[in-house]
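As stored in start02.cif (mmCIF, C-alpha atoms):
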```cif
data_start
loop_
_atom_site.label_atom_id
_atom_site.label_comp_id
_atom_site.auth_asym_id
_atom_site.auth_seq_id
_atom_site.Cartn_x
_atom_site.Cartn_y
_atom_site.Cartn_z
CA MET A 1 75.76 86.90 113.37
CA SER A 2 73.15 86.69 110.60
CA ARG A 3 69.80 84.95 110.24
CA ILE A 4 69.73 82.86 107.04
CA LEU A 5 66.95 80.72 105.56
CA VAL A 6 68.17 77.84 103.39
CA ILE A 7 65.32 76.30 101.39
CA GLY A 8 66.49 72.82 100.47
CA GLY A 9 68.99 72.89 103.34
CA SER A 10 68.30 69.40 104.66
CA GLY A 11 70.45 67.62 102.07
CA GLY A 12 73.04 67.92 99.32
CA LEU A 13 74.61 71.29 98.55
CA GLY A 14 71.99 73.09 100.64
CA ARG A 15 72.95 71.02 103.67
CA ALA A 16 76.63 71.90 103.18
CA VAL A 17 75.79 75.60 102.90
CA ALA A 18 73.56 75.51 105.99
CA GLY A 19 76.21 73.66 108.01
CA ALA A 20 78.93 76.15 107.12
CA LEU A 21 76.72 79.11 107.99
CA ALA A 22 75.83 77.55 111.35
CA ASP A 23 79.50 76.80 112.05
CA ARG A 24 80.34 80.49 111.75
CA GLY A 25 77.61 81.35 114.25
CA ASP A 26 74.66 82.27 112.04
CA ALA A 27 71.09 81.41 113.01
CA VAL A 28 70.10 79.06 110.18
CA ILE A 29 66.64 77.82 109.24
CA VAL A 30 66.80 74.70 107.07
CA THR A 31 63.82 73.42 105.13
CA SER A 32 62.68 70.20 103.52
CA ARG A 33 59.42 69.02 102.01
CA ASP A 34 59.30 66.72 105.04
CA PRO A 35 59.21 68.71 108.32
CA GLY A 36 60.67 65.76 110.21
CA ARG A 37 63.66 65.60 107.87
CA ALA A 38 64.19 69.36 108.24
CA GLU A 39 64.14 69.10 112.03
CA ALA A 40 66.52 66.14 111.97
CA ALA A 41 68.94 68.04 109.73
CA ALA A 42 68.80 71.04 112.07
CA ARG A 43 69.67 68.83 115.05
CA GLU A 44 72.62 67.37 113.15
CA ILE A 45 73.84 70.82 112.12
CA GLY A 46 73.57 72.05 115.69
CA GLY A 47 74.28 75.56 116.85
CA ARG A 48 71.30 77.82 116.34
CA ALA A 49 69.84 75.80 113.44
CA THR A 50 66.10 75.11 113.28
CA GLY A 51 64.01 73.06 110.85
CA LEU A 52 60.90 73.95 108.86
CA GLY A 53 58.70 72.13 106.34
CA VAL A 54 58.35 73.94 102.99
CA ASP A 55 57.29 72.30 99.70
CA LEU A 56 58.14 74.38 96.63
CA ALA A 57 56.20 71.92 94.46
CA MET A 58 53.03 73.20 96.17
CA PRO A 59 53.49 76.97 95.75
CA GLU A 60 50.06 77.80 97.17
CA THR A 61 51.27 76.49 100.55
CA ILE A 62 54.59 78.34 100.68
CA ALA A 63 53.42 81.61 102.24
CA GLY A 64 51.65 79.75 105.02
CA ALA A 65 54.65 77.55 105.69
CA LEU A 66 56.87 80.63 106.05
CA THR A 67 54.51 82.53 108.37
CA GLY A 68 56.71 81.94 111.42
CA VAL A 69 59.90 83.24 109.80
CA ASP A 70 60.84 86.66 111.17
CA GLU A 71 63.33 89.14 109.71
CA ILE A 72 66.14 87.47 107.77
CA ASP A 73 69.45 88.70 106.44
CA GLY A 74 69.72 86.13 103.69
CA LEU A 75 67.78 83.57 101.67
CA VAL A 76 69.42 80.69 99.83
CA ILE A 77 67.30 78.39 97.65
CA THR A 78 68.92 75.17 96.42
CA ALA A 79 65.84 72.94 96.10
CA ILE A 80 65.32 71.06 92.84
CA HIS A 81 63.18 68.31 91.39
CA GLN A 82 65.47 65.73 89.79
CA ASP A 83 64.22 65.25 86.25
CA GLY A 84 66.63 63.53 83.90
CA GLY A 85 64.22 62.45 81.20
CA SER A 86 64.90 63.07 77.51
CA ILE A 87 62.35 64.58 75.13
CA HIS A 88 61.83 61.04 73.78
CA ALA A 89 60.68 59.87 77.19
CA PHE A 90 59.07 63.11 78.27
CA SER A 91 57.01 63.04 81.44
CA VAL A 92 54.54 65.91 81.66
CA ALA A 93 54.13 65.35 85.39
CA ASP A 94 57.88 65.49 86.02
CA ALA A 95 58.28 68.50 83.75
CA VAL A 96 55.51 70.43 85.49
CA ARG A 97 56.98 69.59 88.90
CA ALA A 98 60.49 70.64 87.84
CA ALA A 99 59.27 73.98 86.49
CA THR A 100 56.99 74.55 89.46
CA VAL A 101 59.75 73.97 92.00
CA LYS A 102 62.47 76.02 90.37
CA LEU A 103 60.52 78.88 88.84
CA VAL A 104 57.14 79.27 90.52
CA GLY A 105 58.34 77.95 93.88
CA TYR A 106 61.49 80.09 93.94
CA ALA A 107 59.53 83.21 92.97
CA GLU A 108 56.75 82.58 95.49
CA ALA A 109 59.20 82.01 98.33
CA VAL A 110 60.88 85.33 97.60
CA ARG A 111 57.52 87.06 97.29
CA ALA A 112 56.31 85.67 100.61
CA LEU A 113 59.44 86.93 102.37
CA ARG A 114 59.89 90.23 100.54
CA ASP A 115 58.93 92.38 103.55
CA ARG A 116 61.06 90.40 106.01
CA PHE A 117 64.51 91.06 104.61
CA ALA A 118 66.88 93.22 106.61
CA PRO A 119 67.94 96.41 104.76
CA HIS A 120 71.23 94.75 103.71
CA GLY A 121 69.48 91.48 102.76
CA SER A 122 70.61 89.11 100.04
CA VAL A 123 69.05 86.29 97.99
CA VAL A 124 70.99 83.46 96.32
CA LEU A 125 69.13 81.20 93.88
CA PHE A 126 70.75 78.01 92.60
CA GLY A 127 70.71 77.25 88.90
CA GLY A 128 73.21 74.95 87.23
CA SER A 129 75.68 74.54 84.39
CA ALA A 130 73.19 72.75 82.12
CA LYS A 131 71.72 76.13 81.14
CA ASP A 132 74.87 76.70 79.03
CA ARG A 133 76.04 73.10 78.55
CA PRO A 134 72.95 71.04 77.70
CA TYR A 135 73.21 67.29 77.30
CA PRO A 136 70.84 64.55 76.13
CA GLY A 137 68.11 64.35 78.74
CA SER A 138 68.58 67.86 80.12
CA THR A 139 65.54 69.47 78.48
CA MET A 140 63.81 70.64 81.66
CA VAL A 141 67.01 71.00 83.68
CA SER A 142 68.49 73.35 81.07
CA ALA A 143 65.23 75.27 80.67
CA THR A 144 64.62 75.83 84.37
CA ASN A 145 68.23 76.76 85.10
CA GLY A 146 68.07 79.30 82.30
CA GLY A 147 64.86 80.58 83.85
CA VAL A 148 66.66 81.16 87.16
CA SER A 149 68.98 83.64 85.40
CA SER A 150 66.01 85.60 84.08
CA LEU A 151 64.27 85.45 87.45
CA VAL A 152 67.31 86.90 89.19
CA ARG A 153 67.44 89.89 86.87
CA THR A 154 63.79 90.80 87.39
CA LEU A 155 63.91 90.24 91.15
CA ALA A 156 67.00 92.44 91.50
CA TRP A 157 64.97 95.33 90.06
CA GLU A 158 61.83 94.62 92.04
CA LEU A 159 63.48 93.98 95.42
CA ALA A 160 66.18 96.70 95.33
CA PRO A 161 68.03 97.47 97.55
CA ILE A 162 67.86 93.76 98.44
CA ARG A 163 70.47 91.98 96.33
CA VAL A 164 69.57 88.92 94.24
CA ASN A 165 72.14 86.65 92.57
CA ALA A 166 72.30 83.22 90.95
CA LEU A 167 74.90 80.52 91.55
CA HIS A 168 75.41 77.93 88.80
CA PRO A 169 77.46 74.93 90.00
CA GLY A 170 79.20 72.60 87.62
CA VAL A 171 79.71 68.90 88.39
CA VAL A 172 80.44 68.67 92.12
CA LEU A 173 81.96 65.22 92.40
CA ASP A 174 81.98 65.01 96.19
CA SER A 175 78.29 65.94 96.49
CA PRO A 176 75.84 63.21 97.58
CA VAL A 177 74.14 63.03 94.18
CA TRP A 178 77.45 62.41 92.38
CA ARG A 179 78.82 59.96 94.90
CA LYS A 180 75.87 57.72 94.00
CA VAL A 181 76.72 57.68 90.28
CA PRO A 182 78.90 54.62 89.48
CA GLY A 183 81.61 54.57 86.87
CA ASN A 184 81.84 58.28 86.04
CA PRO A 185 85.35 59.58 85.29
CA PRO A 186 86.54 62.83 86.91
CA ALA A 187 84.89 65.87 85.39
CA ARG A 188 87.10 67.92 83.09
CA THR A 189 87.72 71.58 83.95
CA LEU A 190 90.04 74.22 82.51
CA THR A 191 91.79 74.36 85.86
CA GLY A 192 92.32 70.61 86.02
CA THR A 193 90.88 70.69 89.53
CA PRO A 194 87.50 69.15 90.39
CA ILE A 195 84.77 71.31 91.83
CA THR A 196 84.01 70.53 95.46
CA MET A 197 81.19 71.21 97.87
CA ALA A 198 83.56 73.54 99.73
CA ASP A 199 83.85 75.62 96.54
CA ILE A 200 80.06 75.95 96.34
CA VAL A 201 79.82 76.89 100.02
CA ASP A 202 82.49 79.57 99.60
CA ALA A 203 80.77 81.00 96.51
CA THR A 204 77.43 81.13 98.32
CA GLN A 205 78.95 82.99 101.24
CA PHE A 206 80.56 85.45 98.84
CA LEU A 207 77.22 86.23 97.20
CA LEU A 208 75.55 86.63 100.59
CA ARG A 209 78.13 89.02 102.01
CA ASN A 210 79.50 91.20 99.19
CA PRO A 211 77.42 94.41 99.00
CA ALA A 212 78.56 95.29 95.47
CA VAL A 213 77.45 92.05 93.82
CA ASN A 214 73.92 92.10 92.40
CA ALA A 215 72.00 90.49 89.52
CA LEU A 216 75.00 88.22 88.84
CA ASP A 217 75.16 84.75 87.29
CA LEU A 218 78.13 83.24 89.14
CA HIS A 219 79.43 80.11 87.39
CA VAL A 220 81.36 77.79 89.70
CA ASP A 221 82.42 75.28 87.06
CA GLY A 222 86.18 75.52 86.65
CA GLY A 223 85.65 77.20 83.27
CA VAL A 224 84.03 74.13 81.71
CA ARG A 225 81.46 76.24 79.83
CA LEU A 226 84.32 77.50 77.62
CA MET A 227 85.43 74.04 76.60
CA ASP A 228 84.64 72.51 73.24
CA GLY A 229 83.02 69.14 72.77
CA PRO A 230 80.25 67.34 74.61
CA VAL A 231 79.61 67.68 78.30
CA PRO A 232 81.98 65.16 79.95
CA LEU A 233 79.34 63.67 82.25
CA GLN A 234 75.63 63.11 82.37
CA THR A 235 74.89 65.82 84.90
CA PRO A 236 72.02 65.01 87.26
CA GLY A 237 70.17 68.22 88.03
CA ALA A 238 73.10 70.57 87.38
#
```

Re-express the file's structure as structure tokens.
Amino acid sequence: MSRILVIGGSGGLGRAVAGALADRGDAVIVTSRDPGRAEAAAREIGGRATGLGVDLAMPETIAGALTGVDEIDGLVITAIHQDGGSIHAFSVADAVRAATVKLVGYAEAVRALRDRFAPHGSVVLFGGSAKDRPYPGSTMVSATNGGVSSLVRTLAWELAPIRVNALHPGVVLDSPVWRKVPGNPPARTLTGTPITMADIVDATQFLLRNPAVNALDLHVDGGVRLMDGPVPLQTPGA
């Protein structure tokens, strides 16, 4: 049994990860910007799950919000700020929030917890396929996901022997964000098989448990980054 903190675990891919970890018997702490939503998600997940309010868009509050978290074996951060604007309709406020959440917020959460990792601890930070496969409107999404890769490499040095890895999902068609998008055809992959939430959960568990994997960018995209031509879908947040 492990103790895992999932920041962004009240919804989407984070919720799927948190649920799977709880199902195997781990003590899971799920967070949301809204403490009530985090607590509701924890009740739904059941087991030994608990909820906590943490807002990565307000990095000066993160350390205080995490004060009650004791020693943890793993940290998974999936939280994002959905910003799909193009450079032609650039929103400074949205851009600042997106960068704050995914770069400053991720880094500050790790910093605040750095002395509370078990000796075999592991960190998994979520990026996305847009870092390698940009599309019109992905300016900040691509930039921040690329930043996650750089952040992982520096943190792996600074936190050693704690392991730090990045997971970059492709288009996950059965995720809540994609189920809301009308009229999109199935995403192309080299395998011909769509990426599922179960695939992302399995990849996250692999990164958490394998002691030889460190400072890795793990692409869970069916090989789509090798394909020629435009990105097959407008990818919200990926």

Item to check | Hits from the PyMOL selection byres ((chain A and resi 79-91) around 8), listed as a PyMOL selection string | outcome: chain A and resi 7-9+14+56+77-78+92-95+97-98+101-102+126+136-141+236-237

Item to check | Selection under test: the PyMOL selection byres ((chain A and resi 69) around 9); residues as a list of chain:residue names | outcome: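 Going through the file, the PyMOL selection byres ((chain A and resi 69) around 9) ends up selecting A:Leu5, A:Ile29, A:Ala65, A:Leu66, A:Thr67, A:Gly68, A:Asp70, A:Glu71, A:Ile72, A:Leu113, A:Arg116.
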
Checklist entry - Mind pulling up the distance from CA of Val177 in chain A to CA of Asp228 in chain A? => result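 Result for CA of Asp228 in chain A versus CA of Val177 in chain A: 25.3 Å, one decimal.
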
Checklist entry - In Å, how far is it from CA of Ala63 in chain A to CA of Val110 in chain A? => result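 Between these atoms lies a distance of 9.5 Å.
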
Item to check | Hits from the PyMOL selection byres ((chain A and resi 159-169) around 9), listed as a ChimeraX atom specification | outcome: /A:114,117-131,145,148-149,152-158,170-172,195,200,203-204,207-208,211-221,238

Write the residues of the selection above to a file with C-alpha atoms, as a short mmCIF file (atom, residue, chain, number, x, y, z; two decimals), keeping the file's coordinate frame.
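Result file part.cif:
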```cif
data_model
loop_
_atom_site.label_atom_id
_atom_site.label_comp_id
_atom_site.auth_asym_id
_atom_site.auth_seq_id
_atom_site.Cartn_x
_atom_site.Cartn_y
_atom_site.Cartn_z
CA ARG A 114 59.89 90.23 100.54
CA PHE A 117 64.51 91.06 104.61
CA ALA A 118 66.88 93.22 106.61
CA PRO A 119 67.94 96.41 104.76
CA HIS A 120 71.23 94.75 103.71
CA GLY A 121 69.48 91.48 102.76
CA SER A 122 70.61 89.11 100.04
CA VAL A 123 69.05 86.29 97.99
CA VAL A 124 70.99 83.46 96.32
CA LEU A 125 69.13 81.20 93.88
CA PHE A 126 70.75 78.01 92.60
CA GLY A 127 70.71 77.25 88.90
CA GLY A 128 73.21 74.95 87.23
CA SER A 129 75.68 74.54 84.39
CA ALA A 130 73.19 72.75 82.12
CA LYS A 131 71.72 76.13 81.14
CA ASN A 145 68.23 76.76 85.10
CA VAL A 148 66.66 81.16 87.16
CA SER A 149 68.98 83.64 85.40
CA VAL A 152 67.31 86.90 89.19
CA ARG A 153 67.44 89.89 86.87
CA THR A 154 63.79 90.80 87.39
CA LEU A 155 63.91 90.24 91.15
CA ALA A 156 67.00 92.44 91.50
CA TRP A 157 64.97 95.33 90.06
CA GLU A 158 61.83 94.62 92.04
CA GLY A 170 79.20 72.60 87.62
CA VAL A 171 79.71 68.90 88.39
CA VAL A 172 80.44 68.67 92.12
CA ILE A 195 84.77 71.31 91.83
CA ILE A 200 80.06 75.95 96.34
CA ALA A 203 80.77 81.00 96.51
CA THR A 204 77.43 81.13 98.32
CA LEU A 207 77.22 86.23 97.20
CA LEU A 208 75.55 86.63 100.59
CA PRO A 211 77.42 94.41 99.00
CA ALA A 212 78.56 95.29 95.47
CA VAL A 213 77.45 92.05 93.82
CA ASN A 214 73.92 92.10 92.40
CA ALA A 215 72.00 90.49 89.52
CA LEU A 216 75.00 88.22 88.84
CA ASP A 217 75.16 84.75 87.29
CA LEU A 218 78.13 83.24 89.14
CA HIS A 219 79.43 80.11 87.39
CA VAL A 220 81.36 77.79 89.70
CA ASP A 221 82.42 75.28 87.06
CA ALA A 238 73.10 70.57 87.38
#
```

Item to check | One-decimal distance in Å that lies between CA of Ser175 in chain A and CA of Arg24 in chain A | outcome: 21.2 Å

Item to check | Which residue of A:Val104, A:Pro194, A:Ala99, A:Arg111 approaches Ala143 in chain A most closely, using only C-alpha atoms | outcome: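 Of the candidates, the smallest distance to Ala143 in chain A is held by A:Ala99.
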
I want to know what sits within 6 Å of Ala38 in chain A, based on all atoms listed in the file, with residues of the same chain fewer than 6 positions away left out; could you give that as an mmCIF file with C-alpha atoms, keeping the file's coordinate frame?
```cif
data_model
loop_
_atom_site.group_PDB
_atom_site.id
_atom_site.type_symbol
_atom_site.label_atom_id
_atom_site.label_comp_id
_atom_site.auth_asym_id
_atom_site.auth_seq_id
_atom_site.Cartn_x
_atom_site.Cartn_y
_atom_site.Cartn_z
ATOM 1 C CA SER A 10 68.300 69.400 104.660
ATOM 2 C CA THR A 31 63.820 73.420 105.130
ATOM 3 C CA SER A 32 62.680 70.200 103.520
ATOM 4 C CA GLY A 51 64.010 73.060 110.850
ATOM 5 C CA LEU A 52 60.900 73.950 108.860
#
```

Which neighbours of Thr189 in chain A fall inside 7 Å, counting all atoms listed in the file, when residues of the same chain fewer than 5 positions from it are skipped, and could you give them as a PDB file with C-alpha atoms, in the frame of the given file?
```
ATOM      1  CA  PRO A 194      87.500  69.150  90.390  1.00  0.00           C
ATOM      2  CA  GLY A 222      86.180  75.520  86.650  1.00  0.00           C
ATOM      3  CA  GLY A 223      85.650  77.200  83.270  1.00  0.00           C
ATOM      4  CA  VAL A 224      84.030  74.130  81.710  1.00  0.00           C
TER       5      VAL A 224
END
```
